[in-house]
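What follows is one structure encoded as structure tokens, with my remarks underneath.
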Amino acid sequence: MTSFTRLDYCQYLLSSPINYTLTNLAKHLDGVSHDRIKRYLQGVKLTPRLLWEQVRLELIESPKAYVVFDDTVLDKSYSQKIE
């Protein structure tokens, strides 16, 4: 079974400019399912500080640049309820 880590998730957020879904991430990882990533994220606390520590060396500073992490959940037509 392939492991999935906090670093894997942070690297995905950095490298995916458009589609940040767990389904998209799972499609790009051999041996890691959407459900496994979801369980991992439900059990780990990813604070802004932890994410920043993982990505800060990859960024080029600019007074006109922004880094935005958005955890918005979009309603899906087939879902019963999203909290």
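Each chain of the structure tokens is named A, B, ... in the order shown, its residues numbered from 1; ligands are numbered from 1 in display order.
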
Find the residues around A:Val67 up to 12 Å (only C-alpha atoms counted), leave out those fewer than 3 positions away in its own chain, and share them as a PDB file with N, CA, C and O atoms, in the first residue's frame.
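The result, stored in part-v3.pdb:
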ATOM      1  N   LEU A  13      -1.122  20.858  -3.733  1.00  0.00           N
ATOM      2  CA  LEU A  13      -1.725  22.198  -3.714  1.00  0.00           C
ATOM      3  C   LEU A  13      -0.859  23.202  -4.463  1.00  0.00           C
ATOM      4  O   LEU A  13      -1.371  24.082  -5.147  1.00  0.00           O
ATOM      5  N   LEU A  14       0.447  23.046  -4.355  1.00  0.00           N
ATOM      6  CA  LEU A  14       1.359  23.953  -5.050  1.00  0.00           C
ATOM      7  C   LEU A  14       1.380  23.727  -6.552  1.00  0.00           C
ATOM      8  O   LEU A  14       1.498  24.661  -7.327  1.00  0.00           O
ATOM      9  N   PRO A  17      -2.684  24.196 -10.532  1.00  0.00           N
ATOM     10  CA  PRO A  17      -3.192  25.557 -10.597  1.00  0.00           C
ATOM     11  C   PRO A  17      -4.703  25.696 -10.730  1.00  0.00           C
ATOM     12  O   PRO A  17      -5.238  26.757 -10.514  1.00  0.00           O
ATOM     13  N   PRO A  48      -2.277  26.588   9.003  1.00  0.00           N
ATOM     14  CA  PRO A  48      -1.605  27.476   8.052  1.00  0.00           C
ATOM     15  C   PRO A  48      -0.082  27.458   8.227  1.00  0.00           C
ATOM     16  O   PRO A  48       0.663  27.484   7.261  1.00  0.00           O
ATOM     17  N   LEU A  51       1.379  24.298   6.548  1.00  0.00           N
ATOM     18  CA  LEU A  51       1.371  24.448   5.096  1.00  0.00           C
ATOM     19  C   LEU A  51       2.455  25.430   4.642  1.00  0.00           C
ATOM     20  O   LEU A  51       3.176  25.178   3.681  1.00  0.00           O
ATOM     21  N   TRP A  52       2.598  26.538   5.363  1.00  0.00           N
ATOM     22  CA  TRP A  52       3.599  27.534   5.002  1.00  0.00           C
ATOM     23  C   TRP A  52       5.007  26.941   5.079  1.00  0.00           C
ATOM     24  O   TRP A  52       5.845  27.178   4.211  1.00  0.00           O
ATOM     25  N   VAL A  55       5.722  24.962   1.927  1.00  0.00           N
ATOM     26  CA  VAL A  55       5.730  25.598   0.611  1.00  0.00           C
ATOM     27  C   VAL A  55       6.590  26.846   0.500  1.00  0.00           C
ATOM     28  O   VAL A  55       6.915  27.271  -0.605  1.00  0.00           O
ATOM     29  N   ARG A  56       6.998  27.433   1.592  1.00  0.00           N
ATOM     30  CA  ARG A  56       7.647  28.744   1.544  1.00  0.00           C
ATOM     31  C   ARG A  56       8.910  28.790   0.703  1.00  0.00           C
ATOM     32  O   ARG A  56       9.182  29.792   0.048  1.00  0.00           O
ATOM     33  N   GLU A  58       9.471  27.203  -1.966  1.00  0.00           N
ATOM     34  CA  GLU A  58       9.127  27.031  -3.376  1.00  0.00           C
ATOM     35  C   GLU A  58       8.605  28.317  -4.019  1.00  0.00           C
ATOM     36  O   GLU A  58       8.494  28.393  -5.232  1.00  0.00           O
ATOM     37  N   LEU A  59       8.298  29.303  -3.211  1.00  0.00           N
ATOM     38  CA  LEU A  59       7.670  30.519  -3.714  1.00  0.00           C
ATOM     39  C   LEU A  59       8.685  31.619  -3.968  1.00  0.00           C
ATOM     40  O   LEU A  59       9.677  31.741  -3.273  1.00  0.00           O
ATOM     41  N   ILE A  60       8.413  32.420  -4.966  1.00  0.00           N
ATOM     42  CA  ILE A  60       9.212  33.599  -5.274  1.00  0.00           C
ATOM     43  C   ILE A  60       8.434  34.803  -4.761  1.00  0.00           C
ATOM     44  O   ILE A  60       7.289  35.032  -5.170  1.00  0.00           O
ATOM     45  N   GLU A  61       9.041  35.561  -3.865  1.00  0.00           N
ATOM     46  CA  GLU A  61       8.341  36.693  -3.270  1.00  0.00           C
ATOM     47  C   GLU A  61       8.146  37.828  -4.274  1.00  0.00           C
ATOM     48  O   GLU A  61       9.016  38.114  -5.082  1.00  0.00           O
ATOM     49  N   SER A  62       6.965  38.430  -4.182  1.00  0.00           N
ATOM     50  CA  SER A  62       6.634  39.581  -5.013  1.00  0.00           C
ATOM     51  C   SER A  62       5.579  40.400  -4.275  1.00  0.00           C
ATOM     52  O   SER A  62       4.659  39.829  -3.687  1.00  0.00           O
ATOM     53  N   PRO A  63       5.690  41.719  -4.307  1.00  0.00           N
ATOM     54  CA  PRO A  63       4.682  42.540  -3.626  1.00  0.00           C
ATOM     55  C   PRO A  63       3.291  42.431  -4.262  1.00  0.00           C
ATOM     56  O   PRO A  63       2.298  42.786  -3.660  1.00  0.00           O
ATOM     57  N   LYS A  64       3.209  41.895  -5.474  1.00  0.00           N
ATOM     58  CA  LYS A  64       1.926  41.754  -6.155  1.00  0.00           C
ATOM     59  C   LYS A  64       1.383  40.324  -6.125  1.00  0.00           C
ATOM     60  O   LYS A  64       0.387  40.023  -6.761  1.00  0.00           O
ATOM     61  N   ASP A  70      -8.003  27.722  -0.124  1.00  0.00           N
ATOM     62  CA  ASP A  70      -9.450  27.817   0.027  1.00  0.00           C
ATOM     63  C   ASP A  70     -10.008  26.419   0.244  1.00  0.00           C
ATOM     64  O   ASP A  70      -9.839  25.535  -0.576  1.00  0.00           O
TER      65      ASP A  70
END

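Contact shell of stretch 21-29 of chain A at 9 Å (only C-alpha atoms; same-chain neighbours under 6 positions omitted): Thr2, Tyr9, Tyr12, Asp35, Arg36, Ile37 and Lys38 of chain A.
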
Go ahead and dump the residues you just picked, N, CA, C and O atoms, as an mmCIF file, in the first residue's frame.
data_model
loop_
_atom_site.group_PDB
_atom_site.id
_atom_site.type_symbol
_atom_site.label_atom_id
_atom_site.label_comp_id
_atom_site.auth_asym_id
_atom_site.auth_seq_id
_atom_site.Cartn_x
_atom_site.Cartn_y
_atom_site.Cartn_z
ATOM 1 N N THR A 2 0.638 2.162 -0.866
ATOM 2 C CA THR A 2 1.410 3.383 -0.979
ATOM 3 C C THR A 2 1.017 4.348 0.137
ATOM 4 O O THR A 2 -0.155 4.526 0.417
ATOM 5 N N TYR A 9 0.324 16.176 0.066
ATOM 6 C CA TYR A 9 -0.825 17.068 -0.092
ATOM 7 C C TYR A 9 -0.374 18.505 -0.379
ATOM 8 O O TYR A 9 -0.910 19.167 -1.262
ATOM 9 N N TYR A 12 0.865 18.845 -3.888
ATOM 10 C CA TYR A 12 -0.271 18.855 -4.816
ATOM 11 C C TYR A 12 -0.901 20.239 -4.881
ATOM 12 O O TYR A 12 -1.198 20.751 -5.957
ATOM 13 N N ASP A 35 -10.715 7.907 -1.221
ATOM 14 C CA ASP A 35 -11.150 7.637 0.152
ATOM 15 C C ASP A 35 -9.984 7.661 1.131
ATOM 16 O O ASP A 35 -10.119 8.143 2.254
ATOM 17 N N ARG A 36 -8.845 7.145 0.707
ATOM 18 C CA ARG A 36 -7.674 7.134 1.589
ATOM 19 C C ARG A 36 -7.200 8.552 1.875
ATOM 20 O O ARG A 36 -6.862 8.894 3.014
ATOM 21 N N ILE A 37 -7.176 9.408 0.863
ATOM 22 C CA ILE A 37 -6.778 10.800 1.057
ATOM 23 C C ILE A 37 -7.781 11.507 1.966
ATOM 24 O O ILE A 37 -7.405 12.241 2.875
ATOM 25 N N LYS A 38 -9.067 11.251 1.747
ATOM 26 C CA LYS A 38 -10.116 11.872 2.568
ATOM 27 C C LYS A 38 -9.969 11.473 4.032
ATOM 28 O O LYS A 38 -10.036 12.316 4.925
#

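One finds atom CA of A:Cys10 at 16.0 Å from atom CA of A:Arg39.
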
All helix (DSSP H, G or I) residues (DSSP, backbone) inside stretch 8-74 of chain A, as a PyMOL selection string: chain A and resi 8-15+22-27+34-43+48-58
